[in-house]
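What follows is coords.cif (mmCIF, C-alpha atoms).
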```
data_input
loop_
_atom_site.label_atom_id
_atom_site.label_comp_id
_atom_site.auth_asym_id
_atom_site.auth_seq_id
_atom_site.Cartn_x
_atom_site.Cartn_y
_atom_site.Cartn_z
CA MET H 1 21.97 10.42 0.74
CA GLY H 2 18.63 11.78 1.88
CA ALA H 3 15.35 9.87 2.06
CA LEU H 4 14.14 11.34 -1.21
CA SER H 5 16.91 9.69 -3.20
CA LYS H 6 16.18 6.30 -1.64
CA SER H 7 12.61 5.99 -2.80
CA PRO H 8 11.90 7.83 -6.06
CA TRP H 9 8.43 6.99 -7.34
CA ILE H 10 7.85 7.47 -11.04
CA ILE H 11 4.82 8.41 -13.06
CA HIS H 12 5.20 7.62 -16.74
CA TYR H 13 3.19 9.56 -19.32
CA ASP H 14 3.23 8.56 -22.97
CA GLY H 15 2.75 11.76 -25.00
CA SER H 16 2.59 10.70 -28.61
CA SER H 17 5.38 8.19 -28.51
CA CYS H 18 5.71 5.32 -30.98
CA ASN H 19 5.95 3.01 -27.91
CA GLY H 20 9.64 2.34 -28.55
CA CYS H 21 10.72 4.37 -25.52
CA ASP H 22 7.77 3.15 -23.43
CA ILE H 23 8.86 -0.42 -23.89
CA GLU H 24 12.39 0.53 -22.82
CA VAL H 25 10.97 2.26 -19.74
CA LEU H 26 9.08 -0.89 -18.83
CA ALA H 27 12.18 -2.95 -19.62
CA VAL H 28 14.20 -1.24 -16.88
CA LEU H 29 11.51 -2.21 -14.36
CA MET H 30 11.69 -5.85 -15.51
CA PRO H 31 13.90 -8.60 -14.01
CA ARG H 32 16.97 -7.88 -16.16
CA PHE H 33 17.57 -4.34 -14.91
CA ASP H 34 15.11 -4.18 -11.98
CA LEU H 35 15.05 -0.52 -10.99
CA GLU H 36 13.13 -1.43 -7.83
CA ARG H 37 16.53 -2.35 -6.37
CA PHE H 38 16.91 1.41 -5.87
CA GLY H 39 13.38 1.81 -4.53
CA VAL H 40 11.91 2.99 -7.82
CA VAL H 41 8.19 2.27 -8.09
CA ASN H 42 6.02 2.92 -11.14
CA THR H 43 3.05 4.51 -9.36
CA GLY H 44 0.79 5.76 -12.14
CA ASN H 45 -0.55 8.37 -9.71
CA PRO H 46 0.72 11.98 -9.92
CA LYS H 47 -0.05 12.66 -6.25
CA HIS H 48 2.31 9.88 -5.14
CA ALA H 49 5.03 10.51 -7.71
CA ASP H 50 8.41 12.23 -7.40
CA ILE H 51 9.60 11.91 -10.99
CA LEU H 52 7.55 12.69 -14.09
CA LEU H 53 8.83 10.59 -16.97
CA LEU H 54 7.65 11.85 -20.36
CA THR H 55 8.02 9.99 -23.65
CA GLY H 56 6.97 11.18 -27.09
CA SER H 57 6.57 14.66 -28.50
CA ILE H 58 4.13 17.23 -27.14
CA ASN H 59 1.20 18.07 -29.38
CA HIS H 60 -1.84 20.31 -29.02
CA GLN H 61 -3.95 17.50 -27.64
CA ASN H 62 -1.66 16.26 -24.85
CA ALA H 63 -0.10 19.59 -23.78
CA PRO H 64 -2.85 20.43 -21.21
CA ILE H 65 -2.71 16.86 -19.88
CA VAL H 66 1.04 16.99 -19.30
CA LYS H 67 0.64 20.37 -17.59
CA SER H 68 -2.14 19.01 -15.38
CA ILE H 69 -0.12 15.95 -14.34
CA TYR H 70 2.84 18.18 -13.49
CA ASP H 71 0.67 20.52 -11.41
CA GLN H 72 -0.80 17.62 -9.41
CA MET H 73 2.61 16.36 -8.27
CA PRO H 74 3.70 17.39 -4.76
CA GLU H 75 7.00 19.24 -4.35
CA PRO H 76 9.89 18.42 -4.67
CA LYS H 77 9.57 16.91 -8.13
CA VAL H 78 11.76 16.24 -11.15
CA VAL H 79 10.82 16.02 -14.84
CA MET H 80 12.64 13.65 -17.19
CA ALA H 81 12.20 13.90 -20.98
CA VAL H 82 12.94 10.44 -22.31
CA GLY H 83 13.74 9.78 -25.97
CA ILE H 84 14.55 12.22 -28.73
CA CYS H 85 10.87 13.04 -29.36
CA ALA H 86 10.36 14.21 -25.77
CA THR H 87 13.60 16.19 -25.74
CA SER H 88 13.04 18.16 -28.97
CA GLY H 89 10.16 16.74 -30.99
CA GLY H 90 12.49 14.44 -32.95
CA ILE H 91 11.46 13.58 -36.49
CA PHE H 92 7.92 14.80 -35.71
CA ARG H 93 9.18 18.31 -34.99
CA GLU H 94 7.85 19.76 -38.27
CA CYS H 95 4.38 18.20 -37.99
CA TYR H 96 1.48 20.67 -37.99
CA ASN H 97 0.15 19.43 -34.63
CA VAL H 98 3.44 19.06 -32.78
CA LEU H 99 4.59 21.80 -30.41
CA GLY H 100 8.02 20.26 -29.84
CA GLY H 101 9.70 18.71 -26.81
CA ALA H 102 8.34 18.37 -23.31
CA ASP H 103 10.01 21.65 -22.27
CA LYS H 104 7.35 23.57 -24.23
CA VAL H 105 4.84 22.97 -21.42
CA VAL H 106 6.73 21.89 -18.26
CA PRO H 107 10.21 22.72 -16.95
CA VAL H 108 12.36 19.71 -17.88
CA ASP H 109 15.28 18.87 -15.57
CA ILE H 110 16.86 15.93 -17.34
CA TYR H 111 17.04 15.19 -21.05
CA VAL H 112 17.63 11.59 -22.13
CA PRO H 113 18.12 11.41 -25.92
CA GLY H 114 18.00 8.22 -27.98
CA CYS H 115 15.70 6.53 -30.47
CA ALA H 116 14.71 4.41 -28.74
CA VAL H 117 16.45 5.36 -25.49
CA ARG H 118 18.85 2.75 -24.09
CA PRO H 119 18.01 1.21 -20.69
CA GLU H 120 21.51 2.09 -19.47
CA ALA H 121 20.92 5.77 -20.34
CA LEU H 122 17.60 5.61 -18.50
CA ILE H 123 19.18 4.17 -15.37
CA ASP H 124 21.88 6.87 -15.51
CA ALA H 125 19.15 9.51 -15.83
CA ALA H 126 17.23 8.03 -12.90
CA VAL H 127 20.36 8.21 -10.73
CA GLN H 128 20.84 11.86 -11.67
CA ALA H 129 17.16 12.55 -11.03
CA VAL H 130 17.31 11.28 -7.44
CA GLY H 131 20.35 13.47 -6.79
CA LEU H 132 18.36 16.42 -8.08
CA LEU H 133 15.42 15.57 -5.78
CA ASP H 134 17.68 15.89 -2.74
CA LYS H 135 19.10 19.16 -4.05
CA LYS H 136 15.61 20.60 -4.61
CA ARG H 137 14.58 19.61 -1.09
CA ALA H 138 17.69 21.31 0.36
CA ALA H 139 17.02 24.43 -1.72
CA ALA H 140 13.38 24.54 -0.55
CA LEU H 141 14.49 24.23 3.09
CA ALA H 142 17.04 27.01 2.65
CA ALA H 143 14.42 29.27 1.04
CA GLU H 144 12.05 28.61 3.95
CA LYS H 145 14.74 29.52 6.48
CA GLU H 146 15.46 32.76 4.64
CA LYS H 147 11.77 33.68 4.80
CA GLU H 148 11.79 33.34 8.58
CA MET R 1 -0.75 -8.91 29.52
CA SER R 2 -1.32 -5.43 30.79
CA LEU R 3 -0.95 -1.82 29.87
CA ILE R 4 2.76 -2.47 29.36
CA THR R 5 2.22 -4.86 26.44
CA GLY R 6 -0.26 -2.41 24.98
CA PHE R 7 2.33 0.32 25.19
CA LEU R 8 4.98 -2.01 23.73
CA PHE R 9 2.65 -2.61 20.78
CA VAL R 10 2.43 1.13 20.08
CA VAL R 11 6.23 1.38 19.99
CA ILE R 12 7.29 -1.89 18.37
CA ALA R 13 4.42 -2.66 15.97
CA PRO R 14 5.43 -0.11 13.30
CA LEU R 15 8.96 -1.56 13.28
CA VAL R 16 7.67 -5.13 12.95
CA GLY R 17 5.00 -4.12 10.44
CA GLY R 18 7.51 -2.19 8.33
CA LEU R 19 9.89 -5.15 8.33
CA LEU R 20 7.03 -7.48 7.33
CA SER R 21 6.19 -5.07 4.53
CA GLY R 22 9.86 -5.11 3.46
CA ILE R 23 9.89 -8.92 3.47
CA ASP R 24 6.69 -8.79 1.42
CA ARG R 25 8.34 -6.66 -1.28
CA LYS R 26 11.52 -8.71 -1.28
CA LEU R 27 9.62 -11.99 -1.55
CA THR R 28 7.40 -10.59 -4.29
CA ALA R 29 10.47 -9.48 -6.26
CA ARG R 30 12.14 -12.89 -5.84
CA MET R 31 8.99 -14.62 -7.07
CA GLN R 32 9.07 -12.40 -10.16
CA GLY R 33 12.75 -13.17 -10.78
CA ARG R 34 13.95 -9.75 -9.62
CA ILE R 35 16.41 -8.82 -6.90
CA GLY R 36 14.02 -6.45 -5.22
CA PRO R 37 14.43 -3.40 -2.99
CA PRO R 38 16.38 -3.40 0.28
CA LEU R 39 14.61 -4.88 3.30
CA LEU R 40 14.23 -1.44 4.88
CA GLN R 41 12.67 0.10 1.76
CA PRO R 42 9.21 0.70 3.38
CA PHE R 43 10.92 2.84 6.04
CA TYR R 44 12.72 4.87 3.35
CA ASP R 45 9.39 5.34 1.56
CA VAL R 46 7.66 6.64 4.68
CA GLU R 47 10.59 8.89 5.56
CA LYS R 48 10.43 10.34 2.07
CA LEU R 49 6.67 10.88 2.24
CA PHE R 50 7.16 13.00 5.37
CA GLN R 51 9.43 15.28 3.34
CA LYS R 52 6.94 15.76 0.51
CA GLU R 53 4.33 18.46 0.07
CA ASN R 54 0.87 17.54 1.39
CA LEU R 55 -1.56 18.23 -1.46
CA VAL R 56 -5.26 18.01 -0.66
CA ALA R 57 -8.56 18.40 -2.49
CA ARG R 58 -10.32 19.20 0.81
CA HIS R 59 -8.62 19.65 4.16
CA THR R 60 -11.08 17.42 6.04
CA GLN R 61 -9.93 14.38 4.05
CA ASN R 62 -6.70 14.38 6.07
CA LEU R 63 -8.63 14.58 9.34
CA TYR R 64 -10.45 11.32 8.56
CA MET R 65 -7.16 9.57 7.83
CA GLU R 66 -5.66 10.88 11.07
CA PHE R 67 -8.62 9.39 12.94
CA PHE R 68 -8.09 6.13 11.05
CA PHE R 69 -4.47 6.18 12.21
CA VAL R 70 -5.40 6.85 15.85
CA MET R 71 -8.21 4.27 15.91
CA THR R 72 -5.99 1.61 14.36
CA ILE R 73 -3.38 2.14 17.06
CA PHE R 74 -6.13 2.12 19.69
CA THR R 75 -7.51 -1.17 18.32
CA GLY R 76 -4.12 -2.83 18.42
CA ALA R 77 -3.21 -1.44 21.85
CA LEU R 78 -6.53 -2.66 23.26
CA PHE R 79 -5.92 -6.10 21.81
CA PHE R 80 -2.33 -6.40 23.00
CA SER R 81 -3.12 -5.13 26.48
CA GLY R 82 -5.44 -8.13 26.83
CA GLY R 83 -8.72 -6.24 26.49
CA ASP R 84 -12.18 -7.36 25.45
CA LEU R 85 -12.18 -8.98 22.01
CA LEU R 86 -15.63 -7.61 21.17
CA LEU R 87 -14.53 -4.07 21.98
CA VAL R 88 -11.46 -4.62 19.81
CA ILE R 89 -13.65 -5.66 16.87
CA PHE R 90 -15.92 -2.67 17.42
CA SER R 91 -12.92 -0.35 17.40
CA LEU R 92 -11.52 -2.07 14.30
CA THR R 93 -14.78 -1.37 12.49
CA LEU R 94 -14.66 2.27 13.51
CA ALA R 95 -11.11 2.57 12.13
CA GLY R 96 -12.26 0.98 8.86
CA VAL R 97 -15.20 3.38 8.63
CA PHE R 98 -12.90 6.39 9.01
CA PHE R 99 -10.63 5.01 6.29
CA ALA R 100 -13.56 4.62 3.89
CA LEU R 101 -14.97 8.05 4.82
CA GLY R 102 -11.60 9.65 4.02
CA GLY R 103 -11.74 8.06 0.57
CA TYR R 104 -15.28 9.36 0.03
CA LYS R 105 -14.33 12.83 1.22
CA ALA R 106 -11.48 13.17 -1.28
CA SER R 107 -14.18 13.29 -3.97
CA SER R 108 -12.16 11.92 -6.85
CA PRO R 109 -13.87 9.17 -8.86
CA TYR R 110 -10.98 6.78 -8.19
CA SER R 111 -10.89 7.20 -4.43
CA PHE R 112 -14.70 7.09 -4.45
CA ILE R 113 -14.73 3.65 -6.09
CA GLY R 114 -11.89 2.62 -3.79
CA ALA R 115 -13.92 3.67 -0.75
CA GLN R 116 -16.96 1.77 -2.01
CA ARG R 117 -14.86 -1.33 -2.40
CA GLU R 118 -13.36 -0.81 1.05
CA THR R 119 -16.86 -0.87 2.56
CA LEU R 120 -17.53 -4.07 0.59
CA GLN R 121 -14.36 -5.55 2.05
CA MET R 122 -15.48 -4.62 5.54
CA MET R 123 -18.82 -6.25 4.79
CA ALA R 124 -16.97 -9.39 3.73
CA TYR R 125 -14.66 -9.78 6.73
CA GLU R 126 -16.85 -8.50 9.54
CA PRO R 127 -19.02 -11.66 10.04
CA ALA R 128 -15.96 -13.92 10.08
CA VAL R 129 -14.13 -11.73 12.63
CA LEU R 130 -17.19 -11.75 14.90
CA LEU R 131 -17.57 -15.53 14.54
CA VAL R 132 -13.92 -15.99 15.51
CA ALA R 133 -14.57 -14.06 18.73
CA VAL R 134 -17.69 -16.14 19.39
CA GLY R 135 -15.80 -19.37 18.79
CA MET R 136 -13.00 -18.36 21.13
CA TYR R 137 -15.58 -17.50 23.77
CA MET R 138 -17.27 -20.90 23.42
CA VAL R 139 -14.00 -22.68 24.15
CA THR R 140 -12.35 -20.42 26.73
CA LYS R 141 -15.54 -18.94 28.28
CA SER R 142 -14.09 -15.45 28.09
CA PHE R 143 -13.90 -12.58 25.61
CA GLN R 144 -10.77 -11.20 27.32
CA VAL R 145 -7.69 -11.60 25.13
CA ALA R 146 -5.58 -12.19 28.24
CA ASP R 147 -7.75 -15.20 29.22
CA ILE R 148 -7.74 -16.57 25.66
CA ILE R 149 -3.94 -16.48 25.57
CA ALA R 150 -3.75 -18.13 28.99
CA TYR R 151 -5.91 -21.06 27.78
CA PRO R 152 -3.68 -24.14 28.25
CA LYS R 153 -4.61 -26.09 25.09
CA PRO R 154 -4.06 -25.03 21.44
CA LEU R 155 -7.25 -23.35 20.25
CA ILE R 156 -6.64 -24.49 16.67
CA LEU R 157 -7.62 -28.06 17.67
CA ASP R 158 -11.03 -26.89 18.84
CA LEU R 159 -11.55 -24.19 16.21
CA PRO R 160 -10.27 -25.46 12.83
CA GLY R 161 -13.38 -24.15 11.03
CA PHE R 162 -12.98 -20.70 12.52
CA PHE R 163 -9.32 -20.72 11.57
CA LEU R 164 -10.28 -21.49 7.96
CA ALA R 165 -12.73 -18.59 7.94
CA PHE R 166 -10.09 -16.34 9.51
CA PHE R 167 -7.46 -17.35 6.95
CA PHE R 168 -9.87 -16.47 4.16
CA ILE R 169 -10.43 -12.95 5.49
CA LEU R 170 -6.72 -12.45 6.20
CA ALA R 171 -6.07 -11.66 2.54
CA ILE R 172 -9.05 -9.29 2.53
CA LYS R 173 -7.79 -7.44 5.60
CA PHE R 174 -4.26 -7.20 4.18
CA ARG R 175 -5.74 -5.91 0.89
CA LYS R 176 -3.78 -8.54 -1.01
CA SER R 177 -4.64 -10.41 -4.18
CA PRO R 178 -7.08 -12.18 -4.79
CA PHE R 179 -8.96 -9.56 -2.74
CA ASP R 180 -6.86 -6.51 -3.58
CA LEU R 181 -9.91 -4.41 -4.46
CA SER R 182 -9.83 -1.10 -2.61
CA THR R 183 -6.21 0.03 -2.97
CA SER R 184 -5.51 -1.79 -6.26
CA HIS R 185 -1.91 -2.31 -5.26
CA HIS R 186 -0.98 -4.29 -8.37
CA ALA R 187 -3.40 -2.81 -10.92
CA HIS R 188 -2.38 0.85 -10.99
CA GLN R 189 -3.89 1.60 -14.35
CA GLU R 190 -7.36 0.46 -13.39
CA LEU R 191 -8.16 2.47 -10.27
CA VAL R 192 -4.93 4.51 -10.07
CA LYS R 193 -4.44 3.80 -6.34
CA GLY R 194 -8.03 3.32 -5.29
CA ILE R 195 -8.82 4.75 -1.88
CA THR R 196 -5.39 6.37 -1.35
CA THR R 197 -5.30 8.10 -4.76
CA GLU R 198 -5.87 11.61 -3.43
CA PHE R 199 -3.52 11.41 -0.47
CA SER R 200 0.07 12.57 -0.56
CA GLY R 201 2.95 13.49 1.70
CA ARG R 202 2.47 13.21 5.44
CA THR R 203 -1.07 11.79 5.27
CA LEU R 204 -0.02 8.99 2.93
CA ALA R 205 2.81 8.18 5.35
CA LEU R 206 0.29 7.97 8.21
CA ILE R 207 -1.89 5.61 6.15
CA GLU R 208 1.16 3.46 5.45
CA ILE R 209 2.12 3.30 9.15
CA ALA R 210 -1.49 2.54 10.08
CA HIS R 211 -1.35 -0.40 7.68
CA TRP R 212 1.78 -1.66 9.48
CA TYR R 213 -0.11 -1.52 12.78
CA GLU R 214 -2.96 -3.36 11.09
CA TYR R 215 -0.57 -6.10 9.90
CA VAL R 216 0.65 -6.76 13.42
CA PHE R 217 -2.81 -6.58 14.96
CA VAL R 218 -4.43 -8.94 12.44
CA LEU R 219 -1.56 -11.40 12.78
CA GLY R 220 -2.10 -11.09 16.53
CA ILE R 221 -5.59 -12.57 16.09
CA GLY R 222 -3.99 -15.39 14.09
CA TYR R 223 -1.54 -15.89 16.96
CA LEU R 224 -4.44 -16.53 19.37
CA PHE R 225 -5.13 -19.85 17.63
CA PHE R 226 -1.63 -21.09 18.54
CA ALA R 227 -1.11 -19.11 21.73
CA TRP R 228 -0.56 -22.11 24.03
CA ASN R 229 3.13 -22.09 23.06
CA MET R 230 4.63 -18.69 22.35
CA TRP R 231 7.40 -19.80 19.97
CA ILE R 232 5.22 -22.11 17.92
CA GLY R 233 2.63 -19.33 17.81
CA LEU R 234 5.14 -16.76 16.51
CA VAL R 235 6.59 -19.09 13.88
CA VAL R 236 3.17 -20.17 12.62
CA THR R 237 2.00 -16.56 12.47
CA PHE R 238 5.06 -15.58 10.45
CA PHE R 239 4.47 -18.40 7.97
CA LEU R 240 0.83 -17.41 7.78
CA PHE R 241 2.00 -14.00 6.56
CA GLU R 242 4.42 -15.54 4.04
CA LEU R 243 1.63 -17.78 2.75
CA ILE R 244 -0.56 -14.73 2.17
CA ILE R 245 2.26 -13.09 0.16
CA ILE R 246 2.73 -16.22 -1.95
CA ILE R 247 -1.00 -16.41 -2.63
CA ASP R 248 -0.92 -12.68 -3.42
CA ASN R 249 1.63 -13.29 -6.17
CA ALA R 250 0.12 -16.50 -7.46
CA ALA R 251 -3.54 -15.51 -7.58
CA ALA R 252 -5.49 -13.34 -9.97
CA ARG R 253 -7.90 -10.84 -8.52
CA VAL R 254 -11.54 -11.84 -8.12
CA ARG R 255 -14.63 -9.69 -8.50
CA TRP R 256 -16.24 -8.26 -5.38
CA GLN R 257 -19.21 -10.64 -5.66
CA TRP R 258 -16.80 -13.53 -5.26
CA MET R 259 -15.08 -11.90 -2.33
CA VAL R 260 -18.22 -11.11 -0.33
CA GLY R 261 -19.96 -14.34 -1.28
CA GLY R 262 -16.91 -16.47 -0.64
CA ALA R 263 -16.10 -14.90 2.71
CA TRP R 264 -19.69 -15.22 3.91
CA ILE R 265 -20.21 -18.77 2.69
CA ILE R 266 -16.96 -19.96 4.25
CA ALA R 267 -17.69 -18.10 7.49
CA LEU R 268 -21.17 -19.64 7.50
CA ILE R 269 -20.24 -23.23 6.65
CA ALA R 270 -16.90 -23.50 8.46
CA GLY R 271 -17.90 -21.27 11.38
CA MET R 272 -21.36 -22.73 11.93
CA GLY R 273 -20.03 -26.24 11.42
CA ASN R 274 -17.43 -25.54 14.05
CA ILE R 275 -20.06 -24.18 16.46
CA LEU R 276 -22.16 -27.30 15.87
CA TYR R 277 -19.14 -29.47 16.62
CA LEU R 278 -18.43 -27.61 19.86
CA MET R 279 -22.07 -27.89 20.96
CA LEU R 280 -22.36 -31.58 20.16
CA ARG R 281 -19.12 -32.36 21.95
CA HIS R 282 -20.41 -31.03 25.25
#
```

As structure tokens, what does this structure read like?
Amino acid sequence: MGALSKSPWIIHYDGSSCNGCDIEVLAVLMPRFDLERFGVVNTGNPKHADILLLTGSINHQNAPIVKSIYDQMPEPKVVMAVGICATSGGIFRECYNVLGGADKVVPVDIYVPGCAVRPEALIDAAVQAVGLLDKKRAAALAAEKEKE
Amino acid sequence: MSLITGFLFVVIAPLVGGLLSGIDRKLTARMQGRIGPPLLQPFYDVEKLFQKENLVARHTQNLYMEFFFVMTIFTGALFFSGGDLLLVIFSLTLAGVFFALGGYKASSPYSFIGAQRETLQMMAYEPAVLLVAVGMYMVTKSFQVADIIAYPKPLILDLPGFFLAFFFILAIKFRKSPFDLSTSHHAHQELVKGITTEFSGRTLALIEIAHWYEYVFVLGIGYLFFAWNMWIGLVVTFFLFELIIIIDNAAARVRWQWMVGGAWIIALIAGMGNILYLMLRH
């Protein structure tokens, strides 16, 4: 395990979620599940974050914000779409203002369906995300070597 | 006390500071009913930060933080090599100024407010730090750290007022609640991350390591009060740190007016009272 997978810092953005998934996200940081055991910190600052955690569907109003948060995160980074709304738009898919899931604006790495998402699924996704962080770092290093 | 101890500080302080930071997180988690991260988590965090991309708004912002890092190490090395306490305080101020300037330079509203609050914090702790040096001089007749440590009697008996003033500013210097204003460690949503908002990757790692050095150096000043016996001094200093963490978790944050006013009033009353006591005794 590399250093990246030992300290994944999360930024959580609530698109247009009903707060169901948000409360589950906060629940995994609470005493019962305590994600900080694995070094996970909820930073709230894109420049310190490794994992972008999106809940709720993407609409015209929040699309530029999600894009901007993603752009401000330093490489390597991973995007998690949490809840059915963030993965595909969910029941709001047909709404006039909804673009769809998070993958309409940023490249999503991990999809976590559920309404609301289960904490166990979230923890599983977080474990996969840290594995992906290490892989991305290795890929970036390999690409740099090739350039030389 | 010589160049060797100063050099030892440069090597060992980040290890001790990182461990203290790990104990801090573990203790905080236990107080909140959580298991908490591994003890070595701060080291993992810093190692990770070195592997991340270094995003900047302006390149000079990193330069200021590098100076802050260097000056903090210099301050601590000067202190632990038994140098002049006044020079140490002067160098500490310079390090703080660089830290605040870096926050200003990043030109984001959050780091700007963080930097403003950092200068307020410096304003709050500076008089008390100076008074502590004055008090130690009045008792030991020397500003040299080496002489103060060699003083045969426990300084705490002569300087209880100064120790009170020092304890008050300890939380300010550690940027812990109730005076967690500039980095807003617990209140992410309010100021994002305050002064460190715009720093990422390697620079953020340097800031973190500089804070570890700061931990050890500031606790070193606390050690001076109990320096007549090394083991008692070390144990008391460690519990001083734990006490700060417990207060950090138990206390709500105060407004800056309270911080500056409180630190000054306590430094004035306890410090001046202590000076009066020392003068009358002679």

At most 12 Å to chain H: residues in chain R, only C-alpha atoms, as a ChimeraX atom specification | /R:22,25-26,28-57,110-111,184-205

I need every residue sitting at most 8 Å from the point (1.9, 7.4, -23.1) (coordinates as in the file, all atoms listed in the file considered), written as a JSON list (two decimals) with C-alpha atoms, keeping the file's coordinate frame.
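The resulting selection.json:
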```json
[["chain", "number", "residue", "atom", "x", "y", "z"],
["H", 12, "HIS", "CA", 5.20, 7.62, -16.74],
["H", 13, "TYR", "CA", 3.19, 9.56, -19.32],
["H", 14, "ASP", "CA", 3.23, 8.56, -22.97],
["H", 15, "GLY", "CA", 2.75, 11.76, -25.00],
["H", 16, "SER", "CA", 2.59, 10.70, -28.61],
["H", 17, "SER", "CA", 5.38, 8.19, -28.51],
["H", 19, "ASN", "CA", 5.95, 3.01, -27.91],
["H", 22, "ASP", "CA", 7.77, 3.15, -23.43],
["H", 54, "LEU", "CA", 7.65, 11.85, -20.36],
["H", 55, "THR", "CA", 8.02, 9.99, -23.65],
["H", 56, "GLY", "CA", 6.97, 11.18, -27.09]]
```

Fewer than 4 positions away in the same chain doesn't count, so skip those; otherwise give me all residues within 10 Å of Leu157 (chain R), counting only C-alpha atoms, as a list in words.
-> Lys153, Gly161, Phe163, Phe225 and Phe226 of chain R

Write the selection just made, keeping C-alpha atoms, as a tab-separated table (two decimals), in the frame of the given file?
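Final output, saved to result_5.tsv:
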```tsv
chain	number	residue	atom	x	y	z
R	153	LYS	CA	-4.61	-26.09	25.09
R	161	GLY	CA	-13.38	-24.15	11.03
R	163	PHE	CA	-9.32	-20.72	11.57
R	225	PHE	CA	-5.13	-19.85	17.63
R	226	PHE	CA	-1.63	-21.09	18.54
```

The PyMOL selection byres ((chain R and resi 116) around 9) resolved against shown file, as a PyMOL selection string | chain R and resi 100+103-104+111-115+117-121+182+195

Taking the file as shown, what set of residues would the PyMOL selection byres ((chain H and resi 60) around 9) give back, as a ChimeraX atom specification?
-> /H:58-59,61-64,97-99

Selected residues written out, C-alpha atoms, as a JSON list (two decimals), keeping the file's coordinate frame:
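Wrote it out as result.json, contents follow:
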```
[["chain", "number", "residue", "atom", "x", "y", "z"],
["H", 58, "ILE", "CA", 4.13, 17.23, -27.14],
["H", 59, "ASN", "CA", 1.20, 18.07, -29.38],
["H", 61, "GLN", "CA", -3.95, 17.50, -27.64],
["H", 62, "ASN", "CA", -1.66, 16.26, -24.85],
["H", 63, "ALA", "CA", -0.10, 19.59, -23.78],
["H", 64, "PRO", "CA", -2.85, 20.43, -21.21],
["H", 97, "ASN", "CA", 0.15, 19.43, -34.63],
["H", 98, "VAL", "CA", 3.44, 19.06, -32.78],
["H", 99, "LEU", "CA", 4.59, 21.80, -30.41]]
```

Which residues match the PyMOL selection byres ((chain H and resi 89) around 6) in the file above, as JSON, numbers by chain?
-> {"H": [57, 85, 86, 88, 90, 92, 93, 100, 101]}

Could you tell me how far CA of Ser108 (chain R) lies from CA of Ile73 (chain R), in Å and to one decimal?
-> 27.3 Å

Neighbour list for region 2-16 of chain R as a short mmCIF file (atom, residue, chain, number, x, y, z; two decimals) with C-alpha atoms, in the coordinates of the input, cut-off 7 Å, only C-alpha atoms, skip fewer than 6 positions in-chain:
```cif
data_model
loop_
_atom_site.label_atom_id
_atom_site.label_comp_id
_atom_site.auth_asym_id
_atom_site.auth_seq_id
_atom_site.Cartn_x
_atom_site.Cartn_y
_atom_site.Cartn_z
CA ILE R 73 -3.38 2.14 17.06
CA ALA R 77 -3.21 -1.44 21.85
CA LEU R 78 -6.53 -2.66 23.26
CA PHE R 80 -2.33 -6.40 23.00
CA SER R 81 -3.12 -5.13 26.48
CA GLY R 82 -5.44 -8.13 26.83
CA ILE R 209 2.12 3.30 9.15
CA TRP R 212 1.78 -1.66 9.48
CA TYR R 213 -0.11 -1.52 12.78
CA VAL R 216 0.65 -6.76 13.42
#
```

Could you jot down the CA of Ile169 (chain R) to CA of Ala263 (chain R) separation for me, Å, one decimal place?
-> 6.6 Å

Anything within 6 Å of (-14.3, -13.4, 22.7): list those residues as a VMD selection string, counting only C-alpha atoms and sticking to the file's coordinates.
-> chain R and resid 85 133 to 134 136 to 137 142 to 143

Contacts of Arg253 (chain R) at 12 Å or less, counting only C-alpha atoms, minus same-chain residues fewer than 3 places along, as a PyMOL selection string?
-> chain R and resi 171-172+175-182+184-187+247-250+256-259

Residue neighbourhood Gly114 (chain H), 6 Å, only C-alpha atoms, exclusion window fewer than 2 positions, as JSON, numbers by chain = {"H": [83, 84, 116, 117]}

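Distance-wise, CA of Gly222 (chain R) and CA of Tyr64 (chain R) end up 28.0 Å apart.
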
Tell me which protein, DNA and RNA residues are within 12 Å of Gly273 (chain R), counting only C-alpha atoms, leaving out same-chain ones fewer than 3 positions away, and put them as a PyMOL selection string.
-> chain R and resi 131+135+158-162+164-165+265-270+276-280

Could you save the residues just selected, with C-alpha atoms, as a PDB file, keeping the file's coordinate frame?
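Contents of part23.pdb, freshly written:
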```
ATOM      1  CA  LEU R 131     -17.570 -15.530  14.540  1.00  0.00           C
ATOM      2  CA  GLY R 135     -15.800 -19.370  18.790  1.00  0.00           C
ATOM      3  CA  ASP R 158     -11.030 -26.890  18.840  1.00  0.00           C
ATOM      4  CA  LEU R 159     -11.550 -24.190  16.210  1.00  0.00           C
ATOM      5  CA  PRO R 160     -10.270 -25.460  12.830  1.00  0.00           C
ATOM      6  CA  GLY R 161     -13.380 -24.150  11.030  1.00  0.00           C
ATOM      7  CA  PHE R 162     -12.980 -20.700  12.520  1.00  0.00           C
ATOM      8  CA  LEU R 164     -10.280 -21.490   7.960  1.00  0.00           C
ATOM      9  CA  ALA R 165     -12.730 -18.590   7.940  1.00  0.00           C
ATOM     10  CA  ILE R 265     -20.210 -18.770   2.690  1.00  0.00           C
ATOM     11  CA  ILE R 266     -16.960 -19.960   4.250  1.00  0.00           C
ATOM     12  CA  ALA R 267     -17.690 -18.100   7.490  1.00  0.00           C
ATOM     13  CA  LEU R 268     -21.170 -19.640   7.500  1.00  0.00           C
ATOM     14  CA  ILE R 269     -20.240 -23.230   6.650  1.00  0.00           C
ATOM     15  CA  ALA R 270     -16.900 -23.500   8.460  1.00  0.00           C
ATOM     16  CA  LEU R 276     -22.160 -27.300  15.870  1.00  0.00           C
ATOM     17  CA  TYR R 277     -19.140 -29.470  16.620  1.00  0.00           C
ATOM     18  CA  LEU R 278     -18.430 -27.610  19.860  1.00  0.00           C
ATOM     19  CA  MET R 279     -22.070 -27.890  20.960  1.00  0.00           C
ATOM     20  CA  LEU R 280     -22.360 -31.580  20.160  1.00  0.00           C
TER      21      LEU R 280
END
```
